[in-house]
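Peer 1: The structure under discussion is supplied below as structure tokens; questions concerning it will follow.
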Amino acid sequence: AQRVTQPEKLLSVFKGAPVELKCNYSYSGSPELFWYVQYSRQRLQLLLRHISRESIKGFTADLNKGETSFHLKKPFAQEEDSAMYYCALRGSSYKLIFGSGTRLLVRP
Amino acid sequence: DTGVSQNPRHKITKRGQNVTFRCDPISEHNRLYWYRQTLGQGPEFLTYFQNEAQLEKSRLLSDRFSAERPKGSFSTLEIQRTEQGDSAMYLCASSLGGGTGGNEQFFGPGTRLTVL
């Protein structure tokens, strides 16, 4: 079965603290993994994808096939990072399979 | 073209009524997707089109749901005989086909359906 698990519904950190949002997936083949973000009153938008191997807004994510994980990390959280973050998987089809999301709250 | 648009943004209806939502994708995008999102959950895939062809449907899409994309441009999602369990945010997304980079899905603002 194809599944994406985000174990934390809420992650609260202070500004300047490191952040790690966890994502684990279940898929038998070689999936493509994404992180989407939804800021308050805005639409869902792509943050980054594992094939790009780039840092966006200071966030990085590494695909660990052994642990079937794609955790999102940022060394120093900013208040503007507060948002809902969704991990998503694309397998052989074009559809995305999303996790249930983690709300990141960065406090001043 | 400012992105994917959806209408209406909000819809309140009574149980048993039919509703129809519209999605206008980004103009050059040939793939169009519908998702449903309930409170506390991530978006769940419903169906997708490549041009006018509906290529995949989720088991979530019961026979009360029908989606069309008649000319390969805008799409409509109709729910017949609505039930309270249909209350959700209905999201539309589009992507440009071809190649790995074309798989980025751009989402619309959603239509929030409330069934009383």
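If you're wondering about the labels, chains in the structure tokens are A, B, ... by order shown, residues count from 1 in each chain, ligands from 1 in order shown.
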Where in range 47-101 of chain A does DSSP assign strand (DSSP E or B), given as a PyMOL selection string?
Peer 2: chain A and resi 47-49+56+59-61+64+69+72-74+83-90+97-98
Peer 1: With N, CA and C atoms kept, could you save the residues just selected as an mmCIF file, in the first residue's frame?
Peer 2:
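Wrote it out as part-v1.cif, contents follow:
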```cif
data_model
loop_
_atom_site.group_PDB
_atom_site.id
_atom_site.type_symbol
_atom_site.label_atom_id
_atom_site.label_comp_id
_atom_site.auth_asym_id
_atom_site.auth_seq_id
_atom_site.Cartn_x
_atom_site.Cartn_y
_atom_site.Cartn_z
ATOM 1 N N LEU A 47 7.096 23.273 -1.827
ATOM 2 C CA LEU A 47 8.273 23.820 -1.151
ATOM 3 C C LEU A 47 9.533 23.232 -1.784
ATOM 4 N N LEU A 48 9.620 21.914 -1.789
ATOM 5 C CA LEU A 48 10.757 21.294 -2.456
ATOM 6 C C LEU A 48 10.444 19.846 -2.803
ATOM 7 N N ARG A 49 11.288 19.296 -3.672
ATOM 8 C CA ARG A 49 11.136 17.924 -4.152
ATOM 9 C C ARG A 49 12.485 17.241 -4.059
ATOM 10 N N ILE A 56 15.364 25.402 -0.173
ATOM 11 C CA ILE A 56 14.383 26.448 -0.422
ATOM 12 C C ILE A 56 14.042 27.101 0.912
ATOM 13 N N PHE A 59 15.222 25.452 3.950
ATOM 14 C CA PHE A 59 14.795 24.087 4.220
ATOM 15 C C PHE A 59 15.507 23.105 3.296
ATOM 16 N N THR A 60 15.831 21.947 3.820
ATOM 17 C CA THR A 60 16.364 20.843 3.031
ATOM 18 C C THR A 60 15.648 19.558 3.436
ATOM 19 N N ALA A 61 15.680 18.603 2.541
ATOM 20 C CA ALA A 61 15.106 17.288 2.853
ATOM 21 C C ALA A 61 15.887 16.252 2.072
ATOM 22 N N ASN A 64 15.845 9.133 2.373
ATOM 23 C CA ASN A 64 16.564 7.995 2.941
ATOM 24 C C ASN A 64 15.770 6.742 2.589
ATOM 25 N N SER A 69 12.297 7.463 4.636
ATOM 26 C CA SER A 69 11.967 8.739 5.267
ATOM 27 C C SER A 69 12.366 9.899 4.366
ATOM 28 N N LEU A 72 12.029 16.909 6.755
ATOM 29 C CA LEU A 72 12.289 18.297 6.362
ATOM 30 C C LEU A 72 13.023 18.994 7.508
ATOM 31 N N LYS A 73 14.111 19.671 7.163
ATOM 32 C CA LYS A 73 14.944 20.270 8.202
ATOM 33 C C LYS A 73 15.272 21.717 7.883
ATOM 34 N N LYS A 74 15.428 22.479 8.962
ATOM 35 C CA LYS A 74 15.916 23.843 8.832
ATOM 36 C C LYS A 74 16.712 24.153 10.090
ATOM 37 N N ALA A 83 3.382 27.524 9.479
ATOM 38 C CA ALA A 83 2.501 27.094 8.392
ATOM 39 C C ALA A 83 2.164 25.621 8.587
ATOM 40 N N MET A 84 1.301 25.114 7.688
ATOM 41 C CA MET A 84 1.047 23.665 7.610
ATOM 42 C C MET A 84 1.981 23.085 6.566
ATOM 43 N N TYR A 85 2.604 21.989 6.903
ATOM 44 C CA TYR A 85 3.528 21.326 5.992
ATOM 45 C C TYR A 85 3.020 19.922 5.698
ATOM 46 N N TYR A 86 2.961 19.603 4.413
ATOM 47 C CA TYR A 86 2.493 18.292 3.979
ATOM 48 C C TYR A 86 3.592 17.593 3.185
ATOM 49 N N CYS A 87 3.847 16.372 3.557
ATOM 50 C CA CYS A 87 4.739 15.512 2.797
ATOM 51 C C CYS A 87 3.885 14.740 1.789
ATOM 52 N N ALA A 88 4.378 14.548 0.587
ATOM 53 C CA ALA A 88 3.591 13.869 -0.441
ATOM 54 C C ALA A 88 4.483 12.948 -1.265
ATOM 55 N N LEU A 89 3.859 11.921 -1.784
ATOM 56 C CA LEU A 89 4.552 10.898 -2.568
ATOM 57 C C LEU A 89 3.894 10.777 -3.933
ATOM 58 N N ARG A 90 4.704 10.620 -4.955
ATOM 59 C CA ARG A 90 4.173 10.286 -6.271
ATOM 60 C C ARG A 90 4.827 8.985 -6.707
ATOM 61 N N ILE A 97 0.029 11.421 -3.134
ATOM 62 C CA ILE A 97 -0.494 10.862 -1.885
ATOM 63 C C ILE A 97 0.105 11.673 -0.755
ATOM 64 N N PHE A 98 -0.765 12.317 0.011
ATOM 65 C CA PHE A 98 -0.324 13.237 1.041
ATOM 66 C C PHE A 98 -0.373 12.598 2.419
#
```
Peer 1: When you get a sec, could you note down which chain B residues fall within 6 Å of chain A, using only C-alpha atoms, as number ranges by chain?
Peer 2: B: 41-42, 107, 109
Peer 1: May I have the selected residues written with C-alpha atoms, as a PDB file, in the first residue's frame?
Peer 2:
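For reference, out-v6.pdb as written:
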```pdb
ATOM      1  CA  GLN B  41      -6.222  15.470   6.994  1.00  0.00           C
ATOM      2  CA  GLY B  42      -4.071  15.991   3.959  1.00  0.00           C
ATOM      3  CA  PHE B 107      -3.120  24.098  -6.557  1.00  0.00           C
ATOM      4  CA  PRO B 109      -7.675  27.954  -3.523  1.00  0.00           C
TER       5      PRO B 109
END
```
Peer 1: As a CSV table (one decimal) with all heavy atoms, in the first residue's frame, please: the residues near Lys65 in chain A (cut-off 10 Å, only C-alpha atoms, same-chain neighbours under 6 positions excluded).
Peer 2:
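Generated output (out_32.csv):
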```csv
chain,number,residue,atom,x,y,z
A,24,ASN,N,7.5,9.7,6.9
A,24,ASN,CA,7.9,8.4,6.5
A,24,ASN,C,6.9,7.9,5.5
A,24,ASN,O,5.8,8.3,5.5
A,24,ASN,CB,7.9,7.4,7.7
A,24,ASN,CG,9.0,7.7,8.7
A,24,ASN,OD1,8.9,8.5,9.6
A,24,ASN,ND2,10.1,7.0,8.4
A,25,TYR,N,7.4,7.1,4.6
A,25,TYR,CA,6.5,6.6,3.5
A,25,TYR,C,6.5,5.1,3.3
A,25,TYR,O,7.5,4.4,3.8
A,25,TYR,CB,6.9,7.3,2.2
A,25,TYR,CG,8.2,6.9,1.6
A,25,TYR,CD1,8.4,5.9,0.7
A,25,TYR,CD2,9.4,7.7,2.0
A,25,TYR,CE1,9.6,5.5,0.2
A,25,TYR,CE2,10.6,7.3,1.5
A,25,TYR,CZ,10.7,6.2,0.6
A,25,TYR,OH,11.9,5.9,0.1
A,30,SER,N,10.2,3.1,-6.5
A,30,SER,CA,11.0,4.3,-6.3
A,30,SER,C,10.2,5.5,-6.5
A,30,SER,O,9.9,5.9,-7.6
A,30,SER,CB,12.2,4.3,-7.3
A,30,SER,OG,13.1,3.2,-7.1
A,31,PRO,N,9.7,6.0,-5.4
A,31,PRO,CA,8.8,7.2,-5.5
A,31,PRO,C,9.5,8.5,-5.6
A,31,PRO,O,10.7,8.6,-5.4
A,31,PRO,CB,8.1,7.1,-4.1
A,31,PRO,CG,9.1,6.6,-3.2
A,31,PRO,CD,9.9,5.6,-4.0
```
Peer 1: Select from chain B everything DSSP, run on the backbone, classes as helix (DSSP H, G or I), then give the selection as a list in words.
Peer 2: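 Going through chain B, the helix (DSSP H, G or I) residues come out as Gln84, Gly85, Asp86, Thr100, Gly101, Gly102 and Asn103 of chain B.
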Peer 1: State, in Å with one decimal place, the distance from CA of Ser87 in chain B to CA of Arg31 in chain B.
Peer 2: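 These atoms are spaced 25.4 Å apart.
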Peer 1: Find the residue from B:Thr82, B:Ser75, B:Asn103, B:Thr38 that sits nearest to Lys11 in chain B; use only C-alpha atoms when measuring.
Peer 2: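 Among the listed residues, the smallest separation from Lys11 in chain B belongs to B:Thr82.
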